[in-house]
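Comments concern the structure below.
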Amino acid sequence: MDAFAEQLLLYRESMLIRESQLMSHIYCLRSGKANRISWSRGNGWVIFSLSELLERLPENHPRHRELTSFFGELTEGYLKVQDPTGLWHQVLDDPASYLESSATAMMICAFSRGIRNGWYPEEKQERVRKAAEHAWRGLTEVAIDRRGNLYGVCQGSGFSFSRTYYRALGWNFNDTHGIGIVLLAGTELRRMMQEE
């Protein structure tokens with residue numbers, strides 16, 4: 001648990017873009033800097049991983065408060081860039097990039113867990129709950145058809161210091177990077193709603 005906590009906090013230290021509260025996709029060891037491009041699924045993995053750790057980390061762990069704070073900080077950044085459809089964009093702070101399904105599902109999952117486990121202050125819970133529900137409606141209206149097919153999942157990615165690279169990454173139909181997390185997002189949202 002100590003190693004997991006340390007790793008996520010090192011991500012925060014080296015990759016968080018403080019002014020936007022979004023994460024860089026990568027930190028390049030060769031150049032010694034982060035790329036400062038907020039690729040959606042990369043950000044989704046961070047908040048989803050934080051939710052996985054926080055569900056298992058004892059509340060009296062010495063890094064618990066710091067990790068919960070990081071979770072809240074990212075949530076705030078993501079809420080600011082949520083599209084009116086409820087989804088998030090392929091490049092989070094680039095509304096011209098396409099709506100991306102797998103990151104949206106990770107946000108729904110993490111936000112739902114945050115509400116259920118009380119990781120948000122009371123005054124923020126309603127806003128986050130509404131964002132998660134709005135994101136799920138958006139997924140079902142924009143990215144999932146009546147036969148259960150999933151659209152808008154970014155293909156696997158390398159990395160770059162060019163925003164053009166991320167904008168050009170296409171999406172795949174029924175891509176396995178998205179199917180499982182969309183199912184989990186629905187499950188977590190339902191759990192949140194049942195426990196209210």
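Just remember, in the structure tokens the first chain shown is A, the second B, etc., residues are 1-based per chain, and ligands are 1-based in the order shown.
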_Test item, strand (DSSP E or B) assignment across chain A, answer as a ChimeraX atom specification_ = /A:16-17,22-23,27-28,33-34,39,88-89,91,99-100,144,150,153-154,171-172
Could you save those same residues with N, CA, C and O atoms as a CSV table (one decimal), in the first residue's frame?
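This is the output file selection_13.csv:
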```csv
chain,number,residue,atom,x,y,z
A,16,LEU,N,1.1,16.6,-12.7
A,16,LEU,CA,-0.1,17.5,-12.6
A,16,LEU,C,0.2,18.9,-13.2
A,16,LEU,O,1.2,19.5,-12.9
A,17,ILE,N,-0.7,19.3,-14.0
A,17,ILE,CA,-0.7,20.7,-14.6
A,17,ILE,C,-1.5,21.5,-13.6
A,17,ILE,O,-2.7,21.5,-13.6
A,22,LEU,N,-5.4,19.2,-14.4
A,22,LEU,CA,-5.4,18.0,-15.3
A,22,LEU,C,-4.0,17.4,-15.3
A,22,LEU,O,-3.0,18.1,-14.9
A,23,MET,N,-3.9,16.2,-15.7
A,23,MET,CA,-2.7,15.5,-15.7
A,23,MET,C,-2.0,15.5,-17.1
A,23,MET,O,-2.8,15.4,-18.1
A,27,TYR,N,5.5,11.7,-18.4
A,27,TYR,CA,6.7,12.4,-18.0
A,27,TYR,C,7.9,11.7,-18.7
A,27,TYR,O,8.1,10.5,-18.5
A,28,CYS,N,8.6,12.4,-19.5
A,28,CYS,CA,9.7,11.8,-20.2
A,28,CYS,C,11.0,11.8,-19.4
A,28,CYS,O,11.5,12.9,-19.1
A,33,LYS,N,11.0,16.2,-18.4
A,33,LYS,CA,9.8,17.0,-18.3
A,33,LYS,C,8.5,16.3,-18.8
A,33,LYS,O,8.6,15.3,-19.5
A,34,ALA,N,7.4,16.8,-18.3
A,34,ALA,CA,6.1,16.3,-18.7
A,34,ALA,C,5.7,16.9,-20.0
A,34,ALA,O,6.1,18.0,-20.3
A,39,TRP,N,-4.2,13.9,-22.3
A,39,TRP,CA,-4.9,12.8,-23.0
A,39,TRP,C,-6.0,12.2,-22.1
A,39,TRP,O,-5.7,11.9,-20.9
A,88,TRP,N,-16.3,13.5,-22.0
A,88,TRP,CA,-15.1,14.2,-22.0
A,88,TRP,C,-14.4,14.0,-23.3
A,88,TRP,O,-14.6,13.0,-24.0
A,89,HIS,N,-13.6,15.0,-23.7
A,89,HIS,CA,-13.0,15.0,-25.0
A,89,HIS,C,-11.7,14.2,-25.0
A,89,HIS,O,-11.0,14.0,-24.0
A,91,VAL,N,-8.7,15.0,-26.1
A,91,VAL,CA,-7.8,15.9,-25.4
A,91,VAL,C,-8.7,16.7,-24.5
A,91,VAL,O,-9.5,17.5,-25.0
A,99,LEU,N,-15.3,13.3,-28.7
A,99,LEU,CA,-15.8,12.8,-27.4
A,99,LEU,C,-15.3,11.4,-27.2
A,99,LEU,O,-15.5,10.5,-28.1
A,100,GLU,N,-14.7,11.1,-26.1
A,100,GLU,CA,-14.0,9.8,-25.9
A,100,GLU,C,-14.7,9.0,-24.8
A,100,GLU,O,-15.0,9.5,-23.7
A,144,ILE,N,-23.3,4.7,-27.2
A,144,ILE,CA,-23.8,3.3,-27.2
A,144,ILE,C,-25.1,3.2,-27.9
A,144,ILE,O,-26.0,4.0,-27.7
A,150,LEU,N,-20.3,0.0,-28.9
A,150,LEU,CA,-19.7,1.2,-28.3
A,150,LEU,C,-18.9,1.9,-29.3
A,150,LEU,O,-18.1,1.3,-30.0
A,153,VAL,N,-14.0,5.1,-28.6
A,153,VAL,CA,-12.9,4.6,-27.7
A,153,VAL,C,-11.6,4.8,-28.5
A,153,VAL,O,-11.4,4.2,-29.5
A,154,CYS,N,-10.8,5.7,-27.9
A,154,CYS,CA,-9.5,5.9,-28.6
A,154,CYS,C,-8.7,4.7,-28.7
A,154,CYS,O,-8.6,3.8,-27.8
A,171,TRP,N,-10.5,6.7,-33.2
A,171,TRP,CA,-11.2,5.8,-32.3
A,171,TRP,C,-11.7,4.5,-33.0
A,171,TRP,O,-11.8,4.5,-34.2
A,172,ASN,N,-11.9,3.5,-32.2
A,172,ASN,CA,-12.3,2.2,-32.8
A,172,ASN,C,-13.7,1.8,-32.3
A,172,ASN,O,-14.1,2.1,-31.2
```
*Between A:Arg127, A:Arg113, A:Arg147, A:Arg63, single out the one closest to Leu184 in chain A, counting only C-alpha atoms.*
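Among the listed residues, A:Arg113 lies closest to Leu184 in chain A.
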Pick out the residues sitting within 8 Å of Leu92 in chain A, and hand them over as a PDB file with all heavy atoms, in the first residue's frame; count only C-alpha atoms, and ignore anything fewer than 6 positions along from it in its own chain.
```pdb
ATOM      1  N   SER A  38      -3.134  16.757 -21.920  1.00  0.00           N
ATOM      2  CA  SER A  38      -4.064  15.990 -21.096  1.00  0.00           C
ATOM      3  C   SER A  38      -4.866  15.013 -21.945  1.00  0.00           C
ATOM      4  O   SER A  38      -6.026  15.260 -22.289  1.00  0.00           O
ATOM      5  CB  SER A  38      -4.986  16.946 -20.333  1.00  0.00           C
ATOM      6  OG  SER A  38      -4.214  17.726 -19.455  1.00  0.00           O
ATOM      7  N   TRP A  39      -4.213  13.895 -22.282  1.00  0.00           N
ATOM      8  CA  TRP A  39      -4.895  12.834 -23.018  1.00  0.00           C
ATOM      9  C   TRP A  39      -5.959  12.234 -22.110  1.00  0.00           C
ATOM     10  O   TRP A  39      -5.707  11.928 -20.939  1.00  0.00           O
ATOM     11  CB  TRP A  39      -3.887  11.768 -23.453  1.00  0.00           C
ATOM     12  CG  TRP A  39      -4.489  10.634 -24.218  1.00  0.00           C
ATOM     13  CD1 TRP A  39      -5.359  10.704 -25.247  1.00  0.00           C
ATOM     14  CD2 TRP A  39      -4.246   9.236 -24.002  1.00  0.00           C
ATOM     15  NE1 TRP A  39      -5.685   9.447 -25.709  1.00  0.00           N
ATOM     16  CE2 TRP A  39      -5.009   8.523 -24.952  1.00  0.00           C
ATOM     17  CE3 TRP A  39      -3.455   8.534 -23.101  1.00  0.00           C
ATOM     18  CZ2 TRP A  39      -5.012   7.141 -25.018  1.00  0.00           C
ATOM     19  CZ3 TRP A  39      -3.461   7.143 -23.172  1.00  0.00           C
ATOM     20  CH2 TRP A  39      -4.234   6.470 -24.129  1.00  0.00           C
ATOM     21  N   SER A  40      -7.142  12.064 -22.644  1.00  0.00           N
ATOM     22  CA  SER A  40      -8.289  11.678 -21.818  1.00  0.00           C
ATOM     23  C   SER A  40      -8.106  10.351 -21.096  1.00  0.00           C
ATOM     24  O   SER A  40      -8.302  10.272 -19.878  1.00  0.00           O
ATOM     25  CB  SER A  40      -9.560  11.652 -22.670  1.00  0.00           C
ATOM     26  OG  SER A  40      -9.416  10.741 -23.744  1.00  0.00           O
ATOM     27  N   TYR A  78     -11.526  17.938 -13.861  1.00  0.00           N
ATOM     28  CA  TYR A  78     -12.345  17.231 -14.849  1.00  0.00           C
ATOM     29  C   TYR A  78     -13.735  17.834 -14.968  1.00  0.00           C
ATOM     30  O   TYR A  78     -14.290  17.904 -16.066  1.00  0.00           O
ATOM     31  CB  TYR A  78     -12.437  15.745 -14.513  1.00  0.00           C
ATOM     32  CG  TYR A  78     -11.091  15.051 -14.469  1.00  0.00           C
ATOM     33  CD1 TYR A  78     -10.879  13.973 -13.625  1.00  0.00           C
ATOM     34  CD2 TYR A  78     -10.018  15.475 -15.255  1.00  0.00           C
ATOM     35  CE1 TYR A  78      -9.644  13.338 -13.574  1.00  0.00           C
ATOM     36  CE2 TYR A  78      -8.794  14.858 -15.202  1.00  0.00           C
ATOM     37  CZ  TYR A  78      -8.607  13.785 -14.356  1.00  0.00           C
ATOM     38  OH  TYR A  78      -7.385  13.162 -14.297  1.00  0.00           O
ATOM     39  N   VAL A  81     -13.955  20.701 -17.476  1.00  0.00           N
ATOM     40  CA  VAL A  81     -13.841  20.441 -18.919  1.00  0.00           C
ATOM     41  C   VAL A  81     -14.856  19.415 -19.431  1.00  0.00           C
ATOM     42  O   VAL A  81     -14.761  18.956 -20.561  1.00  0.00           O
ATOM     43  CB  VAL A  81     -12.392  20.028 -19.310  1.00  0.00           C
ATOM     44  CG1 VAL A  81     -11.422  21.183 -19.085  1.00  0.00           C
ATOM     45  CG2 VAL A  81     -11.939  18.775 -18.570  1.00  0.00           C
TER      46      VAL A  81
END
```
*Nearest to Leu74 in chain A among A:Asn43, A:Asn117, A:Asn174, A:Ser14, with distances taken over only C-alpha atoms: which residue is it?*
A:Asn43
*Select, from A:Tyr165, A:Thr104, A:Arg30, A:Gly114, the residue with the minimum atom-to-atom distance to Leu53 in chain A, counting only C-alpha atoms.*
A:Gly114
*asked:* From the options A:Arg129, A:Arg163, A:Lys80, A:His64, which residue's atoms come nearest to Ala110 in chain A, counting only C-alpha atoms?
replied: A:Arg129
*In Å, with one decimal, what is the gap from CA of Arg190 in chain A to CA of Arg65 in chain A?*
26.5 Å
*Counting only C-alpha atoms, the option among A:Leu57, A:Leu67, A:Ala96, A:Leu189 closest to Ile108 in chain A*: A:Leu189
*asked:* Can you measure CA of Val142 in chain A to CA of Asp83 in chain A for me? One decimal in Å is fine.
replied: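 Those two atoms sit 11.9 Å apart.
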_All residues 9 Å or closer to Leu50 in chain A, only C-alpha atoms, same chain fewer than 3 positions away omitted, as a PyMOL selection string_ = chain A and resi 5+8+45-47+53-55+67-68+70-71+110
Residues as selected, N, CA, C and O atoms, written as a PDB file, in the first residue's frame, can you do that?
```pdb
ATOM      1  N   ALA A   5       0.711   4.148  -2.872  1.00  0.00           N
ATOM      2  CA  ALA A   5       0.441   5.538  -2.492  1.00  0.00           C
ATOM      3  C   ALA A   5       1.569   6.440  -2.984  1.00  0.00           C
ATOM      4  O   ALA A   5       1.320   7.506  -3.558  1.00  0.00           O
ATOM      5  N   LEU A   8       1.424   7.050  -6.867  1.00  0.00           N
ATOM      6  CA  LEU A   8       0.398   7.995  -7.306  1.00  0.00           C
ATOM      7  C   LEU A   8       0.751   9.427  -6.911  1.00  0.00           C
ATOM      8  O   LEU A   8       0.506  10.367  -7.671  1.00  0.00           O
ATOM      9  N   TRP A  45      -7.189   6.883 -16.323  1.00  0.00           N
ATOM     10  CA  TRP A  45      -6.456   5.850 -15.574  1.00  0.00           C
ATOM     11  C   TRP A  45      -5.991   6.364 -14.219  1.00  0.00           C
ATOM     12  O   TRP A  45      -5.987   5.624 -13.234  1.00  0.00           O
ATOM     13  N   VAL A  46      -5.588   7.629 -14.155  1.00  0.00           N
ATOM     14  CA  VAL A  46      -5.086   8.158 -12.885  1.00  0.00           C
ATOM     15  C   VAL A  46      -6.206   8.215 -11.850  1.00  0.00           C
ATOM     16  O   VAL A  46      -6.059   7.705 -10.735  1.00  0.00           O
ATOM     17  N   ILE A  47      -7.351   8.827 -12.204  1.00  0.00           N
ATOM     18  CA  ILE A  47      -8.412   8.946 -11.198  1.00  0.00           C
ATOM     19  C   ILE A  47      -9.046   7.581 -10.899  1.00  0.00           C
ATOM     20  O   ILE A  47      -9.410   7.291  -9.762  1.00  0.00           O
ATOM     21  N   LEU A  53      -7.172   2.435  -5.243  1.00  0.00           N
ATOM     22  CA  LEU A  53      -6.322   2.473  -4.049  1.00  0.00           C
ATOM     23  C   LEU A  53      -7.105   2.955  -2.832  1.00  0.00           C
ATOM     24  O   LEU A  53      -7.040   2.333  -1.762  1.00  0.00           O
ATOM     25  N   LEU A  54      -7.854   4.045  -2.978  1.00  0.00           N
ATOM     26  CA  LEU A  54      -8.567   4.603  -1.830  1.00  0.00           C
ATOM     27  C   LEU A  54      -9.624   3.652  -1.274  1.00  0.00           C
ATOM     28  O   LEU A  54      -9.908   3.679  -0.077  1.00  0.00           O
ATOM     29  N   GLU A  55     -10.184   2.788  -2.119  1.00  0.00           N
ATOM     30  CA  GLU A  55     -11.149   1.806  -1.612  1.00  0.00           C
ATOM     31  C   GLU A  55     -10.492   0.769  -0.702  1.00  0.00           C
ATOM     32  O   GLU A  55     -11.162   0.163   0.121  1.00  0.00           O
ATOM     33  N   LEU A  67      -3.890  11.653  -0.586  1.00  0.00           N
ATOM     34  CA  LEU A  67      -4.451  10.987  -1.768  1.00  0.00           C
ATOM     35  C   LEU A  67      -5.896  11.421  -2.010  1.00  0.00           C
ATOM     36  O   LEU A  67      -6.298  11.628  -3.150  1.00  0.00           O
ATOM     37  N   THR A  68      -6.660  11.576  -0.938  1.00  0.00           N
ATOM     38  CA  THR A  68      -8.041  12.046  -1.070  1.00  0.00           C
ATOM     39  C   THR A  68      -8.072  13.468  -1.618  1.00  0.00           C
ATOM     40  O   THR A  68      -8.910  13.819  -2.447  1.00  0.00           O
ATOM     41  N   PHE A  70      -5.763  14.778  -3.593  1.00  0.00           N
ATOM     42  CA  PHE A  70      -5.406  14.634  -5.005  1.00  0.00           C
ATOM     43  C   PHE A  70      -6.625  14.204  -5.813  1.00  0.00           C
ATOM     44  O   PHE A  70      -6.918  14.745  -6.882  1.00  0.00           O
ATOM     45  N   PHE A  71      -7.383  13.252  -5.281  1.00  0.00           N
ATOM     46  CA  PHE A  71      -8.603  12.775  -5.930  1.00  0.00           C
ATOM     47  C   PHE A  71      -9.578  13.944  -6.145  1.00  0.00           C
ATOM     48  O   PHE A  71     -10.135  14.117  -7.235  1.00  0.00           O
ATOM     49  N   ALA A 110     -15.013   6.521 -11.086  1.00  0.00           N
ATOM     50  CA  ALA A 110     -14.304   7.160  -9.977  1.00  0.00           C
ATOM     51  C   ALA A 110     -15.219   8.115  -9.206  1.00  0.00           C
ATOM     52  O   ALA A 110     -15.233   8.108  -7.970  1.00  0.00           O
TER      53      ALA A 110
END
```
*Choose the residue, out of A:Phe161, A:Glu126, A:Ala168, A:Asp145, that has the smallest atom-to-atom separation from Ser31 in chain A; count only C-alpha atoms.*
A:Phe161
_Residue neighbourhood Arg191 in chain A, 9 Å, only C-alpha atoms, exclusion window fewer than 3 positions, as a ChimeraX atom specification_ = /A:112-113,116,186-188,194-196
*How many Å separate CA of Glu13 in chain A from CA of Arg36 in chain A?*
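According to the coordinates, CA of Glu13 in chain A and CA of Arg36 in chain A are separated by 12.9 Å.
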